[in-house]
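**Q** For reference, the structure I am asking about is given below.
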Amino acid sequence: MEKRILGNHLSVSAIGLGCMGFSHAYGPPMESKKAIEVIRRAFDCGYTFFDTAEVYGTEEDPHINERIVGEALKPIRNHVQIVTKFGVHFDRSDAQVNHSLITNSRPEEIRKSVEGSLRRLQTDYIDLYFQHRIDPAVEPEMVAGVMQDLIKEGKILHWGISEANEEYLRRANAVCKVTAVENRYSMMARHYESLFPVLEELQIGFVAFSPMANGFLTGAYGKGTQFDKKLDYRSSMPQFTDEAVEQNQALLHLLCHMAEKKEATPAQISMAWMLCKKPWIVPIPGTRKTERLIENAKAAEIKLSPEEVKELDEALDHMQLSAVFGGSKIVKTETGARD
């Protein structure tokens with residue numbers, strides 16, 4: 001797979017693997033041994049960029065995702081880039097399948113997080129360390145100062161911010177150079193395109209999570225699709241309701257038309273569209289299936305002309321799409337020590 005550069009120096013595969021779904025948010029957790037096999041198969045397919053977080057776990061084992069990723073990548077550690085995140089945990093007292101988030105980016109908590117992640121990932125350093133969500137109680141300069149110290153100590157090589165906005169990003173970047181933002185981005189969620197000029201100005205990369213709108217853009221989910229209401233976030237995502245499926249038919253037809261033209265799949269077109277927009281965008285789709293790993297990887301080989309990208313953008317601009325999942329709600333900032 002071709003490589004892309006995030007920021008000034010971080011070289012990664014053009015498409016990364018989002019590992020969250022192995023243990024969190026997409027139904028019952030996958031057996032760890034099988035998840036490890038899928039991750040290693042991804043490396044064989046050309047993936048080198050693997051995304052996890054300290055909170056991508058289960059109620060019984062909150063940190064299992066990092067352990068899975070660490071075990072899978074241990075034999076090939078020097079050939080891959082590991083991404084993990086700090087700064088949130090779930091409010092498991094609520095009744096929602098997608099539990100609300102509690103933020104905590106206090107310096108002492110970041111220190112606890114990085115040490116825990118290094119241990120679970122079985123590594124001496126983290127290639128890219130993201131603040132998982134902005135903490136309104138902690139100034140960006142303070143967070144960036146901790147990142148600067150961690151880089152000097154060799155515990156992280158690069159850092160970034162997930163769901164970043166322009167003001168926070170500029171203030172943080174002025175203290176310690178930001179390598180990438182990791183924001184939601186897909187044909188159904190384009191609001192962060194307004195940030196693109198800032199990213200180009202500051203030479204910051206864009207890691208796109210949920211690039212297929214949580215799988216909706218694959219076209220694999222029609223009316224009547226049921227998801228586990230206790231373990232699968234898609235059970236409460238607005239784009240999967242029967243009404244939304246009907247409302248979004250024009251979008252699916254658009255994808256299918258371009259897919260036929262390019263001898264590709266709708267999923268591949270949904271990622272090729274963003275890959276061909278900017279050379280510093282890297283989508284990180286998740287999957288548990290080897291055949292999807294291969295399909296997603298081949299999206300990097302599909303070339304859309306500037307005219308074709310513009311054609312898709314203009315069509316999207318004039319579509320009345322359904323609501324799309326916008327992420328778990330942040331309910332409060334934690335001021336005390338974490339569990």
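Residues in the structure tokens are named by chain (A, B, ... in the order shown) and by number from 1 within that chain; ligands are numbered from 1 in the order shown.
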Please identify all polymer residues within 9 Å of Tyr168 (chain A), counting only C-alpha atoms, omitting same-chain residues fewer than 4 positions from it, and present them as a ChimeraX atom specification.

**A** /A:134,139-141,164,172-173

**Q** What does the file look like for those residues with N, CA and C atoms, as an mmCIF file, in the first residue's frame?

**A**
```cif
data_model
loop_
_atom_site.group_PDB
_atom_site.id
_atom_site.type_symbol
_atom_site.label_atom_id
_atom_site.label_comp_id
_atom_site.auth_asym_id
_atom_site.auth_seq_id
_atom_site.Cartn_x
_atom_site.Cartn_y
_atom_site.Cartn_z
ATOM 1 N N ILE A 134 -11.553 17.144 23.617
ATOM 2 C CA ILE A 134 -11.143 18.365 24.307
ATOM 3 C C ILE A 134 -11.766 18.406 25.696
ATOM 4 N N GLU A 139 -6.638 23.967 29.834
ATOM 5 C CA GLU A 139 -6.231 24.801 28.704
ATOM 6 C C GLU A 139 -5.408 23.990 27.699
ATOM 7 N N PRO A 140 -5.562 24.268 26.402
ATOM 8 C CA PRO A 140 -4.792 23.525 25.399
ATOM 9 C C PRO A 140 -3.288 23.667 25.582
ATOM 10 N N GLU A 141 -2.847 24.834 26.066
ATOM 11 C CA GLU A 141 -1.419 25.034 26.292
ATOM 12 C C GLU A 141 -0.874 24.065 27.345
ATOM 13 N N ALA A 164 -10.992 18.026 16.973
ATOM 14 C CA ALA A 164 -10.381 19.339 17.202
ATOM 15 C C ALA A 164 -11.160 20.439 16.490
ATOM 16 N N ALA A 172 -2.878 24.959 20.866
ATOM 17 C CA ALA A 172 -2.057 23.802 21.223
ATOM 18 C C ALA A 172 -0.824 23.712 20.335
ATOM 19 N N ASN A 173 -1.012 23.926 19.050
ATOM 20 C CA ASN A 173 0.087 23.808 18.095
ATOM 21 C C ASN A 173 1.179 24.847 18.341
#
```

**Q** Near Ile68 (chain A), counting only C-alpha atoms, which residues have an atom at most 8 Å away, once you skip same-chain residues fewer than 3 positions from it, shown as a PyMOL selection string?

**A** chain A and resi 32+35-36+64-65+71-72+121

**Q** How about saving the chosen residues, C-alpha atoms kept, as a CSV table (one decimal), in the first residue's frame?

**A**
```csv
chain,number,residue,atom,x,y,z
A,32,SER,CA,-9.0,-12.0,21.3
A,35,ALA,CA,-8.8,-10.3,16.6
A,36,ILE,CA,-5.1,-10.7,16.8
A,64,ILE,CA,-8.7,-5.0,26.4
A,65,ASN,CA,-8.4,-3.3,23.0
A,71,GLU,CA,0.0,-8.5,21.4
A,72,ALA,CA,-0.8,-8.5,17.7
A,121,LEU,CA,0.7,-2.1,24.2
```

**Q** List the neighbours of Val69 (chain A) out to 12 Å using only C-alpha atoms; skip same-chain residues closer than 3 positions along the sequence, and give me the result as a ChimeraX atom specification.

**A** /A:17-23,32-40,42-43,49-54,56-57,63-66,72-77,80-84,117-123

**Q** Between A:Glu59, A:Glu166, A:Asp94, A:Glu308, which has the minimum distance to Leu254 (chain A) (counting only C-alpha atoms)?

**A**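 Among A:Glu59, A:Glu166, A:Asp94, A:Glu308, it is A:Glu308 that comes nearest to Leu254 (chain A).
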
**Q** Applying 9 Å and only C-alpha atoms, which residues near Lys230 (chain A) remain after dropping the ones on its own chain fewer than 2 positions away? List them as an NGL selection string.

**A** :A and (27 or 96-98 or 227-228 or 232-233 or 235)

**Q** Would you save the residues from that selection as a PDB file, in the first residue's frame, using C-alpha atoms?

**A**
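File produced: again_0.pdb:
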```pdb
ATOM      1  CA  GLY A  27     -21.715  -5.979  19.027  1.00  0.00           C
ATOM      2  CA  GLN A  96     -27.578   4.377  26.764  1.00  0.00           C
ATOM      3  CA  VAL A  97     -25.853   1.829  24.572  1.00  0.00           C
ATOM      4  CA  ASN A  98     -23.425   4.582  23.573  1.00  0.00           C
ATOM      5  CA  PHE A 227     -28.496  -4.501  15.812  1.00  0.00           C
ATOM      6  CA  ASP A 228     -27.816  -5.632  19.380  1.00  0.00           C
ATOM      7  CA  ASP A 232     -24.008  -2.225  19.251  1.00  0.00           C
ATOM      8  CA  TYR A 233     -23.997   1.566  18.849  1.00  0.00           C
ATOM      9  CA  SER A 235     -28.861   0.275  17.163  1.00  0.00           C
TER      10      SER A 235
END
```

**Q** If DSSP is run on the backbone, what residues of region 60-250 of chain A are alpha helix (DSSP H)? A reply as an MDAnalysis selection string would be ideal.

**A** chainID A and resid 64:73 107:121 140:152 166:175 196:202 242:247 249:250

**Q** When DSSP works through the backbone of this structure, what residues of region 28-155 of chain A end up as strand (DSSP E or B), shown as a list of chain:residue names?

**A**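 The strand (DSSP E or B) subset of region 28-155 of chain A is A:Phe49, A:Phe50, A:Asp51, A:Gln81, A:Ile82, A:Val83, A:Thr84, A:Lys85, A:Phe86, A:Val88, A:His89, A:Phe90, A:Leu101, A:Ile102, A:Thr103, A:Ile126, A:Asp127, A:Leu128, A:Tyr129, A:Phe130, A:Gln131.
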
**Q** Would you put the residues from that selection into a file with N, CA and C atoms, as a PDB file, in the first residue's frame?

**A**
```
ATOM      1  N   PHE A  49      -0.685   1.252   9.943  1.00  0.00           N
ATOM      2  CA  PHE A  49      -1.199   2.299  10.843  1.00  0.00           C
ATOM      3  C   PHE A  49      -2.393   1.728  11.598  1.00  0.00           C
ATOM      4  N   PHE A  50      -2.260   1.564  12.923  1.00  0.00           N
ATOM      5  CA  PHE A  50      -3.268   0.874  13.725  1.00  0.00           C
ATOM      6  C   PHE A  50      -3.741   1.774  14.858  1.00  0.00           C
ATOM      7  N   ASP A  51      -5.055   1.974  14.919  1.00  0.00           N
ATOM      8  CA  ASP A  51      -5.654   2.935  15.840  1.00  0.00           C
ATOM      9  C   ASP A  51      -6.433   2.235  16.958  1.00  0.00           C
ATOM     10  N   GLN A  81       2.954   1.689  12.917  1.00  0.00           N
ATOM     11  CA  GLN A  81       2.732   2.895  13.711  1.00  0.00           C
ATOM     12  C   GLN A  81       1.476   2.660  14.563  1.00  0.00           C
ATOM     13  N   ILE A  82       1.635   2.802  15.864  1.00  0.00           N
ATOM     14  CA  ILE A  82       0.539   2.576  16.799  1.00  0.00           C
ATOM     15  C   ILE A  82      -0.019   3.920  17.261  1.00  0.00           C
ATOM     16  N   VAL A  83      -1.337   4.030  17.180  1.00  0.00           N
ATOM     17  CA  VAL A  83      -2.062   5.214  17.651  1.00  0.00           C
ATOM     18  C   VAL A  83      -2.898   4.802  18.857  1.00  0.00           C
ATOM     19  N   THR A  84      -2.833   5.579  19.936  1.00  0.00           N
ATOM     20  CA  THR A  84      -3.779   5.386  21.028  1.00  0.00           C
ATOM     21  C   THR A  84      -4.164   6.753  21.579  1.00  0.00           C
ATOM     22  N   LYS A  85      -5.060   6.755  22.557  1.00  0.00           N
ATOM     23  CA  LYS A  85      -5.666   8.023  22.986  1.00  0.00           C
ATOM     24  C   LYS A  85      -5.857   8.064  24.492  1.00  0.00           C
ATOM     25  N   PHE A  86      -5.927   9.299  24.997  1.00  0.00           N
ATOM     26  CA  PHE A  86      -6.142   9.564  26.417  1.00  0.00           C
ATOM     27  C   PHE A  86      -7.225  10.624  26.572  1.00  0.00           C
ATOM     28  N   VAL A  88     -10.556  10.529  28.077  1.00  0.00           N
ATOM     29  CA  VAL A  88     -11.977  10.304  28.342  1.00  0.00           C
ATOM     30  C   VAL A  88     -12.178   8.942  28.998  1.00  0.00           C
ATOM     31  N   HIS A  89     -13.280   8.811  29.700  1.00  0.00           N
ATOM     32  CA  HIS A  89     -13.794   7.491  30.052  1.00  0.00           C
ATOM     33  C   HIS A  89     -15.310   7.569  30.037  1.00  0.00           C
ATOM     34  N   PHE A  90     -15.941   6.412  30.094  1.00  0.00           N
ATOM     35  CA  PHE A  90     -17.384   6.339  29.903  1.00  0.00           C
ATOM     36  C   PHE A  90     -18.151   6.504  31.213  1.00  0.00           C
ATOM     37  N   LEU A 101     -19.623  10.496  27.663  1.00  0.00           N
ATOM     38  CA  LEU A 101     -18.200  10.601  27.957  1.00  0.00           C
ATOM     39  C   LEU A 101     -17.935  11.587  29.091  1.00  0.00           C
ATOM     40  N   ILE A 102     -16.928  11.266  29.877  1.00  0.00           N
ATOM     41  CA  ILE A 102     -16.425  12.165  30.915  1.00  0.00           C
ATOM     42  C   ILE A 102     -14.979  12.478  30.559  1.00  0.00           C
ATOM     43  N   THR A 103     -14.657  13.751  30.452  1.00  0.00           N
ATOM     44  CA  THR A 103     -13.309  14.140  30.041  1.00  0.00           C
ATOM     45  C   THR A 103     -12.407  14.377  31.251  1.00  0.00           C
ATOM     46  N   ILE A 126       4.827   5.344  21.836  1.00  0.00           N
ATOM     47  CA  ILE A 126       3.591   5.427  21.059  1.00  0.00           C
ATOM     48  C   ILE A 126       3.860   6.361  19.883  1.00  0.00           C
ATOM     49  N   ASP A 127       3.549   5.907  18.689  1.00  0.00           N
ATOM     50  CA  ASP A 127       3.869   6.706  17.503  1.00  0.00           C
ATOM     51  C   ASP A 127       3.042   7.982  17.430  1.00  0.00           C
ATOM     52  N   LEU A 128       1.752   7.873  17.740  1.00  0.00           N
ATOM     53  CA  LEU A 128       0.859   9.038  17.655  1.00  0.00           C
ATOM     54  C   LEU A 128      -0.135   8.957  18.811  1.00  0.00           C
ATOM     55  N   TYR A 129      -0.106   9.959  19.671  1.00  0.00           N
ATOM     56  CA  TYR A 129      -0.902   9.959  20.900  1.00  0.00           C
ATOM     57  C   TYR A 129      -1.929  11.072  20.810  1.00  0.00           C
ATOM     58  N   PHE A 130      -3.209  10.687  20.786  1.00  0.00           N
ATOM     59  CA  PHE A 130      -4.283  11.659  20.628  1.00  0.00           C
ATOM     60  C   PHE A 130      -4.965  11.997  21.943  1.00  0.00           C
ATOM     61  N   GLN A 131      -5.230  13.289  22.140  1.00  0.00           N
ATOM     62  CA  GLN A 131      -6.200  13.701  23.145  1.00  0.00           C
ATOM     63  C   GLN A 131      -7.559  13.310  22.580  1.00  0.00           C
TER      64      GLN A 131
END
```

**Q** Quote the spacing between CA of Ile161 (chain A) and CA of Pro197 (chain A) in Å to one decimal place.

**A**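 Distance reported for this atom pair: 16.7 Å.
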
**Q** So that I can see what lies close to Met274 (chain A), please list as an MDAnalysis selection string the residues with an atom at most 12 Å from it, counting only C-alpha atoms and leaving out residues fewer than 2 positions away in the same chain.

**A** chainID A and resid 14:15 185:187 189:190 193 196 206:209 211:212 267:272 276:284 299:300 302:306 308:310 312:313

**Q** Could you tell me which of A:Ser322, A:Asn296, A:Gln226, A:Thr218 comes closest to Leu255 (chain A) if we count only C-alpha atoms?

**A**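 With only C-alpha atoms as the atom set, the closest residue is A:Thr218.
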
**Q** Between CA of Ala220 (chain A) and CA of Lys262 (chain A), measure the distance and give it in Å to one decimal.

**A**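 Rounded to one decimal, the two atoms are 19.0 Å apart.
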
**Q** Quick one: residues within 10 Å of Met147 (chain A), only C-alpha atoms, excluding same-chain residues fewer than 4 positions away - as a VMD selection string?

**A** chain A and resid 107 110 to 111 129 to 131 141 to 143 151 to 153 155 to 160 172 175 to 178

**Q** Atoms to include: N, CA and C atoms. Write the selected residues as a PDB file, in the first residue's frame.

**A**
```pdb
ATOM      1  N   PRO A 107      -2.830  17.066  33.728  1.00  0.00           N
ATOM      2  CA  PRO A 107      -1.498  16.508  33.489  1.00  0.00           C
ATOM      3  C   PRO A 107      -1.216  15.194  34.221  1.00  0.00           C
ATOM      4  N   ILE A 110      -2.985  12.402  32.410  1.00  0.00           N
ATOM      5  CA  ILE A 110      -2.308  12.038  31.163  1.00  0.00           C
ATOM      6  C   ILE A 110      -1.123  11.127  31.463  1.00  0.00           C
ATOM      7  N   ARG A 111      -0.392  11.454  32.505  1.00  0.00           N
ATOM      8  CA  ARG A 111       0.770  10.639  32.885  1.00  0.00           C
ATOM      9  C   ARG A 111       0.352   9.206  33.233  1.00  0.00           C
ATOM     10  N   TYR A 129      -0.106   9.959  19.671  1.00  0.00           N
ATOM     11  CA  TYR A 129      -0.902   9.959  20.900  1.00  0.00           C
ATOM     12  C   TYR A 129      -1.929  11.072  20.810  1.00  0.00           C
ATOM     13  N   PHE A 130      -3.209  10.687  20.786  1.00  0.00           N
ATOM     14  CA  PHE A 130      -4.283  11.659  20.628  1.00  0.00           C
ATOM     15  C   PHE A 130      -4.965  11.997  21.943  1.00  0.00           C
ATOM     16  N   GLN A 131      -5.230  13.289  22.140  1.00  0.00           N
ATOM     17  CA  GLN A 131      -6.200  13.701  23.145  1.00  0.00           C
ATOM     18  C   GLN A 131      -7.559  13.310  22.580  1.00  0.00           C
ATOM     19  N   GLU A 141      -2.847  24.834  26.066  1.00  0.00           N
ATOM     20  CA  GLU A 141      -1.419  25.034  26.292  1.00  0.00           C
ATOM     21  C   GLU A 141      -0.874  24.065  27.345  1.00  0.00           C
ATOM     22  N   MET A 142      -1.690  23.754  28.341  1.00  0.00           N
ATOM     23  CA  MET A 142      -1.254  22.828  29.382  1.00  0.00           C
ATOM     24  C   MET A 142      -1.127  21.411  28.830  1.00  0.00           C
ATOM     25  N   VAL A 143      -2.120  20.998  28.055  1.00  0.00           N
ATOM     26  CA  VAL A 143      -2.065  19.666  27.441  1.00  0.00           C
ATOM     27  C   VAL A 143      -0.860  19.569  26.512  1.00  0.00           C
ATOM     28  N   ILE A 151       7.270  13.792  24.501  1.00  0.00           N
ATOM     29  CA  ILE A 151       8.099  13.628  23.305  1.00  0.00           C
ATOM     30  C   ILE A 151       9.577  13.685  23.680  1.00  0.00           C
ATOM     31  N   LYS A 152       9.955  14.625  24.535  1.00  0.00           N
ATOM     32  CA  LYS A 152      11.356  14.726  24.983  1.00  0.00           C
ATOM     33  C   LYS A 152      11.795  13.462  25.712  1.00  0.00           C
ATOM     34  N   GLU A 153      10.865  12.856  26.440  1.00  0.00           N
ATOM     35  CA  GLU A 153      11.176  11.629  27.187  1.00  0.00           C
ATOM     36  C   GLU A 153      11.165  10.389  26.300  1.00  0.00           C
ATOM     37  N   LYS A 155       8.548   8.860  25.136  1.00  0.00           N
ATOM     38  CA  LYS A 155       7.383   7.994  25.366  1.00  0.00           C
ATOM     39  C   LYS A 155       6.363   8.092  24.248  1.00  0.00           C
ATOM     40  N   ILE A 156       6.313   9.236  23.579  1.00  0.00           N
ATOM     41  CA  ILE A 156       5.498   9.381  22.376  1.00  0.00           C
ATOM     42  C   ILE A 156       6.368  10.056  21.317  1.00  0.00           C
ATOM     43  N   LEU A 157       6.049   9.803  20.056  1.00  0.00           N
ATOM     44  CA  LEU A 157       6.804  10.432  18.973  1.00  0.00           C
ATOM     45  C   LEU A 157       6.066  11.624  18.378  1.00  0.00           C
ATOM     46  N   HIS A 158       4.742  11.531  18.357  1.00  0.00           N
ATOM     47  CA  HIS A 158       3.902  12.586  17.792  1.00  0.00           C
ATOM     48  C   HIS A 158       2.624  12.673  18.619  1.00  0.00           C
ATOM     49  N   TRP A 159       1.943  13.799  18.480  1.00  0.00           N
ATOM     50  CA  TRP A 159       0.661  13.901  19.185  1.00  0.00           C
ATOM     51  C   TRP A 159      -0.376  14.598  18.311  1.00  0.00           C
ATOM     52  N   GLY A 160      -1.627  14.432  18.714  1.00  0.00           N
ATOM     53  CA  GLY A 160      -2.707  15.047  17.967  1.00  0.00           C
ATOM     54  C   GLY A 160      -3.941  15.218  18.831  1.00  0.00           C
ATOM     55  N   ALA A 172      -2.878  24.959  20.866  1.00  0.00           N
ATOM     56  CA  ALA A 172      -2.057  23.802  21.223  1.00  0.00           C
ATOM     57  C   ALA A 172      -0.824  23.712  20.335  1.00  0.00           C
ATOM     58  N   VAL A 175       2.355  25.652  21.115  1.00  0.00           N
ATOM     59  CA  VAL A 175       3.211  25.168  22.210  1.00  0.00           C
ATOM     60  C   VAL A 175       3.998  23.932  21.794  1.00  0.00           C
ATOM     61  N   CYS A 176       3.317  22.987  21.158  1.00  0.00           N
ATOM     62  CA  CYS A 176       3.961  21.748  20.718  1.00  0.00           C
ATOM     63  C   CYS A 176       3.346  21.338  19.394  1.00  0.00           C
ATOM     64  N   LYS A 177       4.169  21.191  18.381  1.00  0.00           N
ATOM     65  CA  LYS A 177       3.708  20.913  17.024  1.00  0.00           C
ATOM     66  C   LYS A 177       2.753  19.718  16.988  1.00  0.00           C
ATOM     67  N   VAL A 178       1.557  19.943  16.445  1.00  0.00           N
ATOM     68  CA  VAL A 178       0.551  18.898  16.300  1.00  0.00           C
ATOM     69  C   VAL A 178       0.765  18.180  14.971  1.00  0.00           C
TER      70      VAL A 178
END
```
